[in-house]
>>> print(open('target.cif').read())   # mmCIF, C-alpha atoms and all ligand atoms
data_final
#
loop_
_atom_site.label_atom_id
_atom_site.label_comp_id
_atom_site.auth_asym_id
_atom_site.auth_seq_id
_atom_site.Cartn_x
_atom_site.Cartn_y
_atom_site.Cartn_z
CA MET A 12 196.38 138.21 162.15
CA ARG A 13 193.23 140.18 161.44
CA SER A 14 191.44 141.88 164.30
CA ALA A 15 187.76 141.47 165.14
CA ALA A 16 187.29 145.12 164.12
CA HIS A 17 188.73 144.39 160.67
CA GLU A 18 186.47 141.38 160.26
CA THR A 19 183.42 143.42 161.30
CA TYR A 20 184.40 146.11 158.78
CA ASP A 21 184.85 143.51 156.03
CA LEU A 22 181.47 141.95 156.78
CA GLU A 23 179.75 145.34 156.81
CA HIS A 24 181.47 146.34 153.56
CA THR A 25 180.61 143.06 151.83
CA ILE A 26 176.97 143.05 152.89
CA SER A 27 176.53 146.72 151.94
CA ALA A 28 177.88 146.02 148.47
CA ILE A 29 175.57 143.03 148.04
CA VAL A 30 172.45 144.82 149.32
CA ASN A 31 173.21 147.88 147.17
CA ARG A 32 173.41 145.59 144.14
CA TYR A 33 169.66 145.10 144.55
CA GLY A 34 168.85 148.69 145.41
CA GLY A 35 168.43 147.85 149.09
CA LYS A 36 164.91 146.67 148.27
CA ALA A 37 163.14 143.72 149.87
CA VAL A 38 162.35 142.30 146.43
CA GLY A 39 166.07 141.52 146.11
CA LEU A 40 166.23 139.55 149.34
CA ILE A 41 166.60 136.06 147.85
CA MET A 42 169.20 137.21 145.33
CA ALA A 43 171.12 139.04 148.05
CA LEU A 44 171.11 135.92 150.23
CA GLN A 45 172.34 133.88 147.25
CA ASP A 46 175.25 136.32 146.89
CA VAL A 47 176.02 136.18 150.61
CA GLN A 48 176.00 132.38 150.49
CA LYS A 49 178.28 132.41 147.45
CA HIS A 50 180.72 134.76 149.17
CA TYR A 51 180.90 133.01 152.55
CA ARG A 52 179.79 129.51 151.43
CA TYR A 53 177.00 129.81 154.03
CA LEU A 54 174.82 132.45 155.67
CA PRO A 55 176.51 133.74 158.84
CA VAL A 56 174.03 135.00 161.46
CA GLU A 57 175.79 138.40 161.58
CA ALA A 58 175.37 138.70 157.82
CA LEU A 59 171.64 137.96 158.10
CA LYS A 60 171.30 140.69 160.72
CA LEU A 61 173.06 143.19 158.46
CA VAL A 62 170.93 142.23 155.45
CA ALA A 63 167.79 142.76 157.56
CA GLU A 64 169.08 146.11 158.83
CA LYS A 65 170.10 147.40 155.41
CA MET A 66 166.90 146.23 153.69
CA VAL A 67 164.82 147.51 156.62
CA LEU A 68 163.22 144.11 157.12
CA PRO A 69 162.42 142.19 160.30
CA ILE A 70 165.21 139.71 161.07
CA ALA A 71 162.49 137.04 161.40
CA GLN A 72 161.58 137.53 157.73
CA VAL A 73 165.18 137.22 156.56
CA TYR A 74 165.69 134.18 158.77
CA ALA A 75 162.46 132.58 157.44
CA VAL A 76 163.71 132.90 153.85
CA ALA A 77 167.18 131.67 154.81
CA THR A 78 165.76 128.52 156.41
CA PHE A 79 163.01 127.85 153.83
CA TYR A 80 165.22 127.13 150.82
CA ARG A 81 167.47 124.07 150.87
CA ALA A 82 170.04 125.90 148.79
CA PHE A 83 170.80 128.10 151.80
CA SER A 84 172.85 126.90 154.73
CA LEU A 85 173.31 128.43 158.16
CA THR A 86 176.39 126.32 158.77
CA PRO A 87 179.66 126.55 156.84
CA LYS A 88 179.85 124.48 153.67
CA GLY A 89 182.99 122.80 152.42
CA LYS A 90 185.29 124.22 149.77
CA HIS A 91 183.85 121.62 147.41
CA HIS A 92 180.21 120.72 147.16
CA ILE A 93 178.86 117.37 145.98
CA CYS A 94 175.19 116.90 145.25
CA VAL A 95 173.71 113.52 144.32
CA CYS A 96 170.27 113.37 142.74
CA THR A 97 168.06 110.70 144.28
CA GLY A 98 164.93 111.59 142.31
CA THR A 99 162.94 108.83 140.64
CA ALA A 100 164.85 108.72 137.34
CA CYS A 101 168.21 108.66 139.11
CA HIS A 102 166.98 106.30 141.82
CA VAL A 103 166.06 103.60 139.30
CA ARG A 104 169.55 103.95 137.85
CA GLN A 105 171.21 103.08 141.14
CA ALA A 106 171.72 106.55 142.63
CA THR A 107 171.57 105.01 146.10
CA VAL A 108 174.67 102.98 145.28
CA ILE A 109 176.49 106.25 144.57
CA VAL A 110 175.14 107.79 147.80
CA ASP A 111 176.28 104.81 149.89
CA ASP A 112 179.66 104.82 148.19
CA ILE A 113 180.27 108.52 148.86
CA THR A 114 179.20 108.12 152.50
CA ARG A 115 181.61 105.21 152.91
CA ASN A 116 184.41 106.96 151.03
CA ILE A 117 184.40 110.35 152.79
CA GLY A 118 182.86 109.29 156.09
CA ILE A 119 179.98 111.77 156.24
CA ALA A 120 176.26 111.49 155.60
CA PRO A 121 174.29 113.70 153.21
CA GLY A 122 173.85 117.16 154.73
CA GLU A 123 177.26 117.08 156.42
CA THR A 124 180.69 118.61 155.78
CA THR A 125 184.01 116.80 156.28
CA PRO A 126 185.80 117.87 159.49
CA ASP A 127 188.61 119.45 157.44
CA GLY A 128 186.04 121.71 155.73
CA GLU A 129 186.97 120.41 152.29
CA ILE A 130 183.81 118.67 151.09
CA SER A 131 180.09 119.18 151.68
CA TYR A 132 177.69 116.54 150.49
CA GLU A 133 173.93 116.42 150.03
CA THR A 134 171.18 114.71 148.10
CA VAL A 135 168.34 116.37 146.18
CA ASN A 136 165.14 115.14 144.54
CA CYS A 137 165.78 116.26 140.95
CA LEU A 138 168.47 118.29 139.23
CA GLY A 139 166.42 118.73 136.07
CA ALA A 140 168.47 116.52 133.74
CA CYS A 141 166.85 113.14 134.39
CA ALA A 142 168.10 111.51 131.17
CA LEU A 143 171.66 111.81 132.52
CA GLY A 144 170.99 109.79 135.69
CA PRO A 145 172.46 108.86 137.95
CA LEU A 146 173.43 112.51 138.10
CA VAL A 147 175.91 114.18 140.42
CA THR A 148 177.02 117.79 140.57
CA VAL A 149 180.44 118.68 141.90
CA ASP A 150 181.08 122.38 142.42
CA ASP A 151 178.09 123.10 140.13
CA GLU A 152 179.42 120.99 137.25
CA TYR A 153 177.05 118.27 136.04
CA HIS A 154 178.36 114.71 135.80
CA GLY A 155 175.91 112.29 134.27
CA ASN A 156 175.89 108.49 134.16
CA MET A 157 177.92 108.45 137.35
CA THR A 158 179.48 105.17 138.44
CA VAL A 159 181.19 104.10 141.64
CA MET A 160 184.53 104.03 139.82
CA LYS A 161 184.14 107.53 138.36
CA MET A 162 183.01 108.86 141.73
CA ALA A 163 185.97 107.34 143.53
CA ALA A 164 188.34 109.02 141.07
CA VAL A 165 186.55 112.35 141.51
CA LEU A 166 186.80 112.12 145.30
CA ASP A 167 190.47 111.16 145.19
CA LYS A 168 191.29 114.19 143.09
CA LEU A 169 189.13 116.52 145.19
CA ARG A 170 190.88 115.49 148.37
CA GLY A 171 194.32 115.29 146.86
CA LYS A 172 195.12 117.93 144.31
CA HIS A 173 191.96 120.05 144.16
CA VAL A 174 192.08 120.03 140.38
CA SER A 175 189.08 120.55 138.12
CA VAL A 176 186.64 117.68 138.55
CA LYS A 177 185.71 117.98 134.88
CA GLU A 178 189.28 117.11 134.04
CA THR A 179 189.11 114.15 136.41
CA VAL A 180 185.95 112.73 134.86
CA GLU A 181 187.31 113.18 131.36
CA GLU A 182 190.42 111.29 132.42
CA THR A 183 188.39 108.39 133.79
CA ALA A 184 185.79 108.25 130.99
S1 LIG B 201 165.60 112.58 138.85
FE1 LIG B 201 167.74 112.94 138.82
S2 LIG B 201 167.93 114.66 137.51
FE2 LIG B 201 165.80 114.33 137.61
#
>>> encode(input="target.cif", output="structure tokens", more="lines below")
Ligand code: FES
Amino acid sequence: MRSAAHETYDLEHTISAIVNRYGGKAVGLIMALQDVQKHYRYLPVEALKLVAEKMVLPIAQVYAVATFYRAFSLTPKGKHHICVCTGTACHVRQATVIVDDITRNIGIAPGETTPDGEISYETVNCLGACALGPLVTVDDEYHGNMTVMKMAAVLDKLRGKHVSVKETVEETA
């Protein structure tokens, strides 16, 4: 079992490497936070403090950026991340049916993570590929023309074998 001292060292080491990637300059703050989020799957408070310290920024400024963008999360995200577009083009193509189905299937509302930490789920207003609606991303892969049946198969695989979702969708297409 790792000690608290080891974990503190790891955090310090990781944040130093990320901040140094952007020359320790404030202009790299958003990119650094993106890297921190990618590494930890969220923005731990201790990491934010270290970013502020190493970039010589007020913690309030770092916190303001971390809470302004929806892409950032201050709470742990699941291993897998599902995002359903509910923008106008997807909405008229029954995106809400997909949203309701996912909520019923995995038992969490948008913005939540399953208790086992496996799946995070959220909705957004537009993913920038409206012609593919209803559009869902799963672990950053785009899946257009989503249906309840395809989504159910994707969720089953995510929870069961953790195989590539792309493979799952191709199998069910
Ligand atoms: S409205 Fe869904 S991708 Fe644009």
>>> residues_near_ligand(input="target.cif", ligand="ligand LIG 201 (chain B)", cutoff="10 Å", atoms="all atoms listed in the file", output="list in words")
Val95, Cys96, Thr97, Gly98, Thr99, Ala100, Cys101, His102, Val103, Arg104, Ala106, Val135, Asn136, Cys137, Leu138, Gly139, Ala140, Cys141, Ala142, Leu143, Gly144, Pro145, Leu146, Val147, Tyr153 and Gly155 of chain A
>>> residues_around(input="target.cif", residues="Gln45 of chain A", least_positions_apart="4", cutoff="9 Å", atoms="all atoms listed in the file", output="list in words")
Leu40, Ile41, Lys49, His50, Leu54, Ala82 and Phe83 of chain A
>>> residues_around(input="target.cif", residues="Val73 of chain A", least_positions_apart="6", cutoff="8 Å", atoms="all atoms listed in the file", output="ChimeraX atom specification")
/A:40,59,62-63
>>> residues_around(input="target.cif", residues="Gly39 of chain A", least_positions_apart="4", cutoff="12 Å", atoms="only C-alpha atoms", output="mmCIF file with C-alpha atoms, keeping the file's coordinate frame")
data_model
loop_
_atom_site.group_PDB
_atom_site.id
_atom_site.type_symbol
_atom_site.label_atom_id
_atom_site.label_comp_id
_atom_site.auth_asym_id
_atom_site.auth_seq_id
_atom_site.Cartn_x
_atom_site.Cartn_y
_atom_site.Cartn_z
ATOM 1 C CA ILE A 29 175.570 143.030 148.040
ATOM 2 C CA VAL A 30 172.450 144.820 149.320
ATOM 3 C CA ASN A 31 173.210 147.880 147.170
ATOM 4 C CA ARG A 32 173.410 145.590 144.140
ATOM 5 C CA TYR A 33 169.660 145.100 144.550
ATOM 6 C CA GLY A 34 168.850 148.690 145.410
ATOM 7 C CA GLY A 35 168.430 147.850 149.090
ATOM 8 C CA ALA A 43 171.120 139.040 148.050
ATOM 9 C CA LEU A 44 171.110 135.920 150.230
ATOM 10 C CA GLN A 45 172.340 133.880 147.250
ATOM 11 C CA ASP A 46 175.250 136.320 146.890
ATOM 12 C CA VAL A 62 170.930 142.230 155.450
ATOM 13 C CA ALA A 63 167.790 142.760 157.560
ATOM 14 C CA LYS A 65 170.100 147.400 155.410
ATOM 15 C CA MET A 66 166.900 146.230 153.690
ATOM 16 C CA LEU A 68 163.220 144.110 157.120
ATOM 17 C CA VAL A 73 165.180 137.220 156.560
ATOM 18 C CA VAL A 76 163.710 132.900 153.850
#
>>> closest_residue(input="target.cif", among="A:Thr78, A:Ile109, A:Leu85, A:Val56", to="Met157 of chain A", atoms="only C-alpha atoms")
A:Ile109
>>> closest_residue(input="target.cif", among="A:Leu166, A:Ala77, A:Thr107, A:Pro55", to="Leu22 of chain A", atoms="only C-alpha atoms")
A:Pro55
>>> atom_distance(input="target.cif", atom1="atom CA of Lys90 of chain A", atom2="atom CA of Ile113 of chain A")
16.5 Å
>>> atom_distance(input="target.cif", atom1="atom CA of Gly89 of chain A", atom2="atom CA of Lys60 of chain A")
22.9 Å
>>> residues_near_point(input="target.cif", point="(175.5, 113.7, 145.7)", cutoff="7 Å", atoms="all atoms listed in the file", output="list in words")
Ile93, Cys94, Val95, Cys96, Val110, Tyr132, Glu133, Thr134, Val147 and Thr148 of chain A
>>> residues_around(input="target.cif", residues="Tyr53 of chain A", least_positions_apart="4", cutoff="7 Å", atoms="only C-alpha atoms", output="list in words")
Gln48, Phe83, Ser84, Leu85, Thr86, Pro87 and Lys88 of chain A
>>> write_last_selection(input="target.cif", atoms="C-alpha atoms", output="CSV table (one decimal), keeping the file's coordinate frame")
chain,number,residue,atom,x,y,z
A,48,GLN,CA,176.0,132.4,150.5
A,83,PHE,CA,170.8,128.1,151.8
A,84,SER,CA,172.8,126.9,154.7
A,85,LEU,CA,173.3,128.4,158.2
A,86,THR,CA,176.4,126.3,158.8
A,87,PRO,CA,179.7,126.6,156.8
A,88,LYS,CA,179.8,124.5,153.7
>>> closest_residue(input="target.cif", among="A:Val38, A:Ala75, A:Ile117, A:Ile130", to="Arg52 of chain A", atoms="only C-alpha atoms")
A:Ile130
>>> atom_distance(input="target.cif", atom1="atom CA of Gln72 of chain A", atom2="atom CA of Glu123 of chain A")
25.8 Å
>>> residues_near_point(input="target.cif", point="(183.1, 105.4, 140.6)", cutoff="10 Å", atoms="all atoms listed in the file", output="PyMOL selection string")
chain A and resi 108-109+112-113+157-166+180+183
>>> closest_residue(input="target.cif", among="A:Ser131, A:Tyr51, A:Tyr80, A:Glu64", to="Thr114 of chain A", atoms="all atoms listed in the file")
A:Ser131
>>> closest_residue(input="target.cif", among="A:His91, A:Gly171, A:Thr125, A:Gly118", to="Val149 of chain A", atoms="only C-alpha atoms")
A:His91
>>> closest_residue(input="target.cif", among="A:Arg81, A:His17, A:Asp150, A:Thr25", to="Gly122 of chain A", atoms="all atoms listed in the file")
A:Arg81
